[in-house]
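Input: a single structure, listed below in structure tokens.
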Amino acid sequence: MEPSAIPSSPEELAELLHELRLVRRQRKESLRADDRARQSLLAAERSAIFTKTGGRCHICGGTIHGAWQADHVFPHSGGGGHAADNYLPAHALCNNYRWDYTSEEFQHILKLGVWLRTQIERKTPLGLRAAKSFLASETVRESRRKRPQINANPESNHEA
Ligand SMILES: [Zn+2]
């Protein structure tokens with residue numbers, strides 16, 4: 001896709017991210033249908049999917065050890081074909097962070113993330129403030145994750 005125009009103000013960036021969230025919400029139901037299809041993949045189909053990338057996560061490029069997820073990739077032609085054709089292997093963590101963002105929204109997230117990581121590495125005042133807040137948020141998230149999963153909600157990770 002084409003890179004989108006740079007918003008002219010912080011408020012415009014916030015509005016754009018909000019609009020993209022609304023677009024994502026509208027897509028959610030069809031993605032839930034994909035989720036049901038993914039659960040029905042046969043062992044042979046999962047094996048074929050895993051082989052496509054040589055056992056690497058298609059999102060981050062890292063080697064997959066142990067459990068992994070079959071990530072649905074939207075076919076360019078809209079054609080059907082074999083069920084395994086529309087999937088690529090991914091780490092559960094990568095897939096859970098990526099799964100319901102549109103390409104445009106995900107590009108903004110990548111740009112923001114790359115920019116912020118530089119702020120943190122350079123120890124700018126904003127970078128250090130963001131890092132402190134991020135680490136506190138991660139600590140809370142980790143402690144929630146380690147608790148027994150009584151009411152597991154896979155969507156809770158996406159609202160942070
Ligand atoms: Zn990954």
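In the structure tokens, each chain is lettered A, B, ... as it comes, each chain's residues begin at 1, and ligands are numbered from 1 in order of appearance.
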
9 Å from ligand 1 is the threshold here; counting only C-alpha atoms and all ligand atoms, which polymer residues fall inside it? Answer as a PyMOL selection string. chain A and resi 56-64+89-95

Restricting it to N, CA and C atoms, dump the selection as a PDB file, in the first residue's frame.
ATOM      1  N   ARG A  56       9.905 -19.944  10.189  1.00  0.00           N
ATOM      2  CA  ARG A  56      10.101 -18.597  10.744  1.00  0.00           C
ATOM      3  C   ARG A  56       8.770 -17.850  10.830  1.00  0.00           C
ATOM      4  N   CYS A  57       8.691 -16.960  11.795  1.00  0.00           N
ATOM      5  CA  CYS A  57       7.507 -16.116  11.969  1.00  0.00           C
ATOM      6  C   CYS A  57       7.455 -15.109  10.816  1.00  0.00           C
ATOM      7  N   HIS A  58       6.341 -15.036  10.122  1.00  0.00           N
ATOM      8  CA  HIS A  58       6.275 -14.142   8.951  1.00  0.00           C
ATOM      9  C   HIS A  58       6.155 -12.676   9.360  1.00  0.00           C
ATOM     10  N   ILE A  59       5.886 -12.408  10.640  1.00  0.00           N
ATOM     11  CA  ILE A  59       5.747 -11.022  11.092  1.00  0.00           C
ATOM     12  C   ILE A  59       7.097 -10.435  11.502  1.00  0.00           C
ATOM     13  N   CYS A  60       7.843 -11.138  12.385  1.00  0.00           N
ATOM     14  CA  CYS A  60       9.118 -10.592  12.878  1.00  0.00           C
ATOM     15  C   CYS A  60      10.323 -11.253  12.225  1.00  0.00           C
ATOM     16  N   GLY A  61      10.113 -12.394  11.543  1.00  0.00           N
ATOM     17  CA  GLY A  61      11.229 -13.074  10.885  1.00  0.00           C
ATOM     18  C   GLY A  61      11.999 -14.028  11.779  1.00  0.00           C
ATOM     19  N   GLY A  62      11.659 -14.077  13.062  1.00  0.00           N
ATOM     20  CA  GLY A  62      12.381 -14.932  14.006  1.00  0.00           C
ATOM     21  C   GLY A  62      12.016 -16.402  13.862  1.00  0.00           C
ATOM     22  N   THR A  63      12.938 -17.267  14.314  1.00  0.00           N
ATOM     23  CA  THR A  63      12.705 -18.706  14.288  1.00  0.00           C
ATOM     24  C   THR A  63      11.620 -19.065  15.303  1.00  0.00           C
ATOM     25  N   ILE A  64      10.753 -19.994  14.919  1.00  0.00           N
ATOM     26  CA  ILE A  64       9.678 -20.434  15.809  1.00  0.00           C
ATOM     27  C   ILE A  64      10.089 -21.723  16.505  1.00  0.00           C
ATOM     28  N   PRO A  89       2.864 -18.931   9.135  1.00  0.00           N
ATOM     29  CA  PRO A  89       3.144 -19.162  10.554  1.00  0.00           C
ATOM     30  C   PRO A  89       3.577 -17.883  11.271  1.00  0.00           C
ATOM     31  N   ALA A  90       3.215 -17.776  12.545  1.00  0.00           N
ATOM     32  CA  ALA A  90       3.594 -16.605  13.342  1.00  0.00           C
ATOM     33  C   ALA A  90       3.731 -16.994  14.809  1.00  0.00           C
ATOM     34  N   HIS A  91       4.640 -16.288  15.515  1.00  0.00           N
ATOM     35  CA  HIS A  91       4.691 -16.408  16.972  1.00  0.00           C
ATOM     36  C   HIS A  91       3.335 -15.980  17.521  1.00  0.00           C
ATOM     37  N   ALA A  92       2.917 -16.599  18.618  1.00  0.00           N
ATOM     38  CA  ALA A  92       1.655 -16.186  19.247  1.00  0.00           C
ATOM     39  C   ALA A  92       1.719 -14.718  19.649  1.00  0.00           C
ATOM     40  N   LEU A  93       2.865 -14.288  20.201  1.00  0.00           N
ATOM     41  CA  LEU A  93       2.986 -12.897  20.651  1.00  0.00           C
ATOM     42  C   LEU A  93       2.851 -11.937  19.472  1.00  0.00           C
ATOM     43  N   CYS A  94       3.595 -12.200  18.396  1.00  0.00           N
ATOM     44  CA  CYS A  94       3.544 -11.329  17.210  1.00  0.00           C
ATOM     45  C   CYS A  94       2.129 -11.294  16.639  1.00  0.00           C
ATOM     46  N   ASN A  95       1.515 -12.460  16.533  1.00  0.00           N
ATOM     47  CA  ASN A  95       0.187 -12.549  15.942  1.00  0.00           C
ATOM     48  C   ASN A  95      -0.860 -11.852  16.804  1.00  0.00           C
TER      49      ASN A  95
END

Please list as a compact mmCIF listing (two decimals) with N, CA and C atoms, in the first residue's frame every residue within 12 Å of Gln119 (chain A), counting only C-alpha atoms and excluding residues in the same chain fewer than 6 positions away.
# COMPACT_ATOMS: atom_id res chain seq x y z
N LEU A 112 5.56 4.77 14.89
CA LEU A 112 5.56 5.32 16.25
C LEU A 112 6.51 4.51 17.14
N GLY A 113 6.46 3.18 17.00
CA GLY A 113 7.30 2.32 17.83
C GLY A 113 8.78 2.53 17.56
N PRO A 125 14.19 13.18 27.58
CA PRO A 125 13.20 13.25 28.68
C PRO A 125 11.90 12.51 28.32
N LEU A 126 11.42 12.68 27.11
CA LEU A 126 10.19 11.99 26.69
C LEU A 126 10.41 10.48 26.65
N GLY A 127 11.57 10.06 26.11
CA GLY A 127 11.88 8.64 26.02
C GLY A 127 11.91 7.98 27.39
N LEU A 128 12.55 8.63 28.35
CA LEU A 128 12.65 8.07 29.70
C LEU A 128 11.28 8.03 30.38
N ARG A 129 10.47 9.06 30.15
CA ARG A 129 9.12 9.07 30.74
C ARG A 129 8.29 7.94 30.15
N ALA A 130 8.38 7.80 28.81
CA ALA A 130 7.62 6.74 28.13
C ALA A 130 8.09 5.36 28.59
N ALA A 131 9.42 5.19 28.73
CA ALA A 131 9.97 3.89 29.14
C ALA A 131 9.48 3.53 30.54

State, in Å with one decimal place, the distance from CA of Leu16 (chain A) to CA of Asp100 (chain A). 16.7 Å

Go ahead and compute the interatomic distance for CA of Val140 (chain A) and CA of Ile109 (chain A), in Å to one decimal.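 Spanning CA of Val140 (chain A) to CA of Ile109 (chain A) is a straight-line distance of 21.5 Å.
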
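Using only C-alpha atoms, the nearest neighbour of Leu110 (chain A) within the list A:Thr139, A:Arg98, A:Asp85, A:Leu41 is A:Arg98.
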
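Taking CA of Ser40 (chain A) and CA of Ala84 (chain A) as endpoints, the distance between them is 10.9 Å.
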
Give the answer as one residue: which of A:Val23, A:Ile6, A:Tyr87, A:Val73 has the shortest atom-to-atom distance to Glu45 (chain A), using only C-alpha atoms? A:Tyr87

Nearby residues (only C-alpha atoms) at most 12 Å from Pro7 (chain A), same-chain spacing under 6 positions excluded, as a list in words: Leu13, Ala14, Glu15, Leu16, Leu17 and His108 of chain A

Residues just named, written with N, CA and C atoms as an mmCIF file, in the first residue's frame:
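Dumped everything to result.cif:
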data_model
loop_
_atom_site.group_PDB
_atom_site.id
_atom_site.type_symbol
_atom_site.label_atom_id
_atom_site.label_comp_id
_atom_site.auth_asym_id
_atom_site.auth_seq_id
_atom_site.Cartn_x
_atom_site.Cartn_y
_atom_site.Cartn_z
ATOM 1 N N LEU A 13 -3.154 13.555 14.104
ATOM 2 C CA LEU A 13 -2.640 12.194 14.260
ATOM 3 C C LEU A 13 -3.550 11.396 15.198
ATOM 4 N N ALA A 14 -3.966 12.022 16.303
ATOM 5 C CA ALA A 14 -4.855 11.346 17.267
ATOM 6 C C ALA A 14 -6.181 10.988 16.599
ATOM 7 N N GLU A 15 -6.737 11.927 15.806
ATOM 8 C CA GLU A 15 -7.994 11.671 15.104
ATOM 9 C C GLU A 15 -7.847 10.540 14.094
ATOM 10 N N LEU A 16 -6.728 10.548 13.380
ATOM 11 C CA LEU A 16 -6.472 9.502 12.392
ATOM 12 C C LEU A 16 -6.414 8.137 13.067
ATOM 13 N N LEU A 17 -5.699 8.047 14.187
ATOM 14 C CA LEU A 17 -5.593 6.773 14.899
ATOM 15 C C LEU A 17 -6.965 6.336 15.412
ATOM 16 N N HIS A 108 1.404 2.871 11.022
ATOM 17 C CA HIS A 108 1.539 3.959 12.005
ATOM 18 C C HIS A 108 2.140 3.431 13.304
#

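Among the candidates A:Ala5, A:Phe50, A:Leu116, A:Arg145, the one nearest to Gln69 (chain A) when counting only C-alpha atoms is A:Phe50.
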
Could you write out, as a count of residues only, all the residues of region 8-148 of chain A that DSSP marks as strand (DSSP E or B)? 10

Using only C-alpha atoms for the distances, tell me which of A:Thr51, A:Ser9, A:Gln107, A:Thr102 is nearest to Lys28 (chain A). A:Thr102

Enumerate the residues of region 52-122 of chain A with a DSSP assignment of alpha helix (DSSP H), computed from the backbone, and present them as a list in words.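 Of region 52-122 of chain A, the ones in alpha helix (DSSP H) are Lys52, Ala92, Leu93, Cys94, Asn95, Asn96, Tyr97, Arg98, Ser103, Glu104, Glu105, Phe106, Gln107, His108, Ile109, Leu110, Lys111, Leu112, Gly113, Val114, Trp115, Leu116, Arg117, Thr118, Gln119, Ile120 and Glu121 of chain A.
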
Go ahead and dump the residues you just picked, N, CA and C atoms, as a PDB file, in the first residue's frame.
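As a result, part_2.pdb now contains:
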ATOM      1  N   LYS A  52       6.216 -23.148   4.709  1.00  0.00           N
ATOM      2  CA  LYS A  52       6.274 -22.009   3.769  1.00  0.00           C
ATOM      3  C   LYS A  52       7.390 -21.032   4.081  1.00  0.00           C
ATOM      4  N   ALA A  92       2.917 -16.599  18.618  1.00  0.00           N
ATOM      5  CA  ALA A  92       1.655 -16.186  19.247  1.00  0.00           C
ATOM      6  C   ALA A  92       1.719 -14.718  19.649  1.00  0.00           C
ATOM      7  N   LEU A  93       2.865 -14.288  20.201  1.00  0.00           N
ATOM      8  CA  LEU A  93       2.986 -12.897  20.651  1.00  0.00           C
ATOM      9  C   LEU A  93       2.851 -11.937  19.472  1.00  0.00           C
ATOM     10  N   CYS A  94       3.595 -12.200  18.396  1.00  0.00           N
ATOM     11  CA  CYS A  94       3.544 -11.329  17.210  1.00  0.00           C
ATOM     12  C   CYS A  94       2.129 -11.294  16.639  1.00  0.00           C
ATOM     13  N   ASN A  95       1.515 -12.460  16.533  1.00  0.00           N
ATOM     14  CA  ASN A  95       0.187 -12.549  15.942  1.00  0.00           C
ATOM     15  C   ASN A  95      -0.860 -11.852  16.804  1.00  0.00           C
ATOM     16  N   ASN A  96      -0.728 -11.965  18.121  1.00  0.00           N
ATOM     17  CA  ASN A  96      -1.700 -11.331  19.007  1.00  0.00           C
ATOM     18  C   ASN A  96      -1.601  -9.812  18.961  1.00  0.00           C
ATOM     19  N   TYR A  97      -0.373  -9.285  18.749  1.00  0.00           N
ATOM     20  CA  TYR A  97      -0.230  -7.836  18.624  1.00  0.00           C
ATOM     21  C   TYR A  97      -0.671  -7.359  17.245  1.00  0.00           C
ATOM     22  N   ARG A  98      -0.490  -8.169  16.239  1.00  0.00           N
ATOM     23  CA  ARG A  98      -0.732  -7.752  14.864  1.00  0.00           C
ATOM     24  C   ARG A  98      -2.155  -7.973  14.381  1.00  0.00           C
ATOM     25  N   SER A 103      -3.523  -2.641   7.565  1.00  0.00           N
ATOM     26  CA  SER A 103      -2.151  -2.343   7.130  1.00  0.00           C
ATOM     27  C   SER A 103      -1.771  -0.902   7.458  1.00  0.00           C
ATOM     28  N   GLU A 104      -2.722   0.040   7.204  1.00  0.00           N
ATOM     29  CA  GLU A 104      -2.424   1.454   7.452  1.00  0.00           C
ATOM     30  C   GLU A 104      -2.174   1.711   8.928  1.00  0.00           C
ATOM     31  N   GLU A 105      -3.041   1.138   9.782  1.00  0.00           N
ATOM     32  CA  GLU A 105      -2.881   1.354  11.221  1.00  0.00           C
ATOM     33  C   GLU A 105      -1.589   0.716  11.708  1.00  0.00           C
ATOM     34  N   PHE A 106      -1.268  -0.464  11.185  1.00  0.00           N
ATOM     35  CA  PHE A 106      -0.053  -1.151  11.621  1.00  0.00           C
ATOM     36  C   PHE A 106       1.197  -0.372  11.208  1.00  0.00           C
ATOM     37  N   GLN A 107       1.158   0.271  10.034  1.00  0.00           N
ATOM     38  CA  GLN A 107       2.304   1.087   9.618  1.00  0.00           C
ATOM     39  C   GLN A 107       2.518   2.260  10.572  1.00  0.00           C
ATOM     40  N   HIS A 108       1.404   2.871  11.022  1.00  0.00           N
ATOM     41  CA  HIS A 108       1.539   3.959  12.005  1.00  0.00           C
ATOM     42  C   HIS A 108       2.140   3.431  13.304  1.00  0.00           C
ATOM     43  N   ILE A 109       1.692   2.250  13.718  1.00  0.00           N
ATOM     44  CA  ILE A 109       2.204   1.654  14.959  1.00  0.00           C
ATOM     45  C   ILE A 109       3.701   1.371  14.838  1.00  0.00           C
ATOM     46  N   LEU A 110       4.125   0.848  13.694  1.00  0.00           N
ATOM     47  CA  LEU A 110       5.551   0.581  13.477  1.00  0.00           C
ATOM     48  C   LEU A 110       6.355   1.879  13.513  1.00  0.00           C
ATOM     49  N   LYS A 111       5.862   2.907  12.809  1.00  0.00           N
ATOM     50  CA  LYS A 111       6.584   4.182  12.767  1.00  0.00           C
ATOM     51  C   LYS A 111       6.687   4.801  14.161  1.00  0.00           C
ATOM     52  N   LEU A 112       5.555   4.771  14.892  1.00  0.00           N
ATOM     53  CA  LEU A 112       5.557   5.318  16.254  1.00  0.00           C
ATOM     54  C   LEU A 112       6.512   4.513  17.140  1.00  0.00           C
ATOM     55  N   GLY A 113       6.463   3.184  17.002  1.00  0.00           N
ATOM     56  CA  GLY A 113       7.299   2.318  17.832  1.00  0.00           C
ATOM     57  C   GLY A 113       8.783   2.530  17.555  1.00  0.00           C
ATOM     58  N   VAL A 114       9.143   2.625  16.281  1.00  0.00           N
ATOM     59  CA  VAL A 114      10.548   2.822  15.902  1.00  0.00           C
ATOM     60  C   VAL A 114      11.030   4.185  16.390  1.00  0.00           C
ATOM     61  N   TRP A 115      10.166   5.200  16.228  1.00  0.00           N
ATOM     62  CA  TRP A 115      10.534   6.541  16.684  1.00  0.00           C
ATOM     63  C   TRP A 115      10.720   6.561  18.209  1.00  0.00           C
ATOM     64  N   LEU A 116       9.791   5.934  18.919  1.00  0.00           N
ATOM     65  CA  LEU A 116       9.849   5.951  20.384  1.00  0.00           C
ATOM     66  C   LEU A 116      11.056   5.171  20.906  1.00  0.00           C
ATOM     67  N   ARG A 117      11.374   4.052  20.251  1.00  0.00           N
ATOM     68  CA  ARG A 117      12.533   3.270  20.723  1.00  0.00           C
ATOM     69  C   ARG A 117      13.822   4.095  20.628  1.00  0.00           C
ATOM     70  N   THR A 118      13.910   4.950  19.601  1.00  0.00           N
ATOM     71  CA  THR A 118      15.083   5.820  19.468  1.00  0.00           C
ATOM     72  C   THR A 118      15.109   6.856  20.591  1.00  0.00           C
ATOM     73  N   GLN A 119      13.915   7.399  20.924  1.00  0.00           N
ATOM     74  CA  GLN A 119      13.827   8.355  22.038  1.00  0.00           C
ATOM     75  C   GLN A 119      14.315   7.711  23.333  1.00  0.00           C
ATOM     76  N   ILE A 120      13.937   6.443  23.536  1.00  0.00           N
ATOM     77  CA  ILE A 120      14.325   5.733  24.757  1.00  0.00           C
ATOM     78  C   ILE A 120      15.824   5.451  24.745  1.00  0.00           C
ATOM     79  N   GLU A 121      16.358   4.976  23.599  1.00  0.00           N
ATOM     80  CA  GLU A 121      17.791   4.677  23.523  1.00  0.00           C
ATOM     81  C   GLU A 121      18.627   5.926  23.759  1.00  0.00           C
TER      82      GLU A 121
END
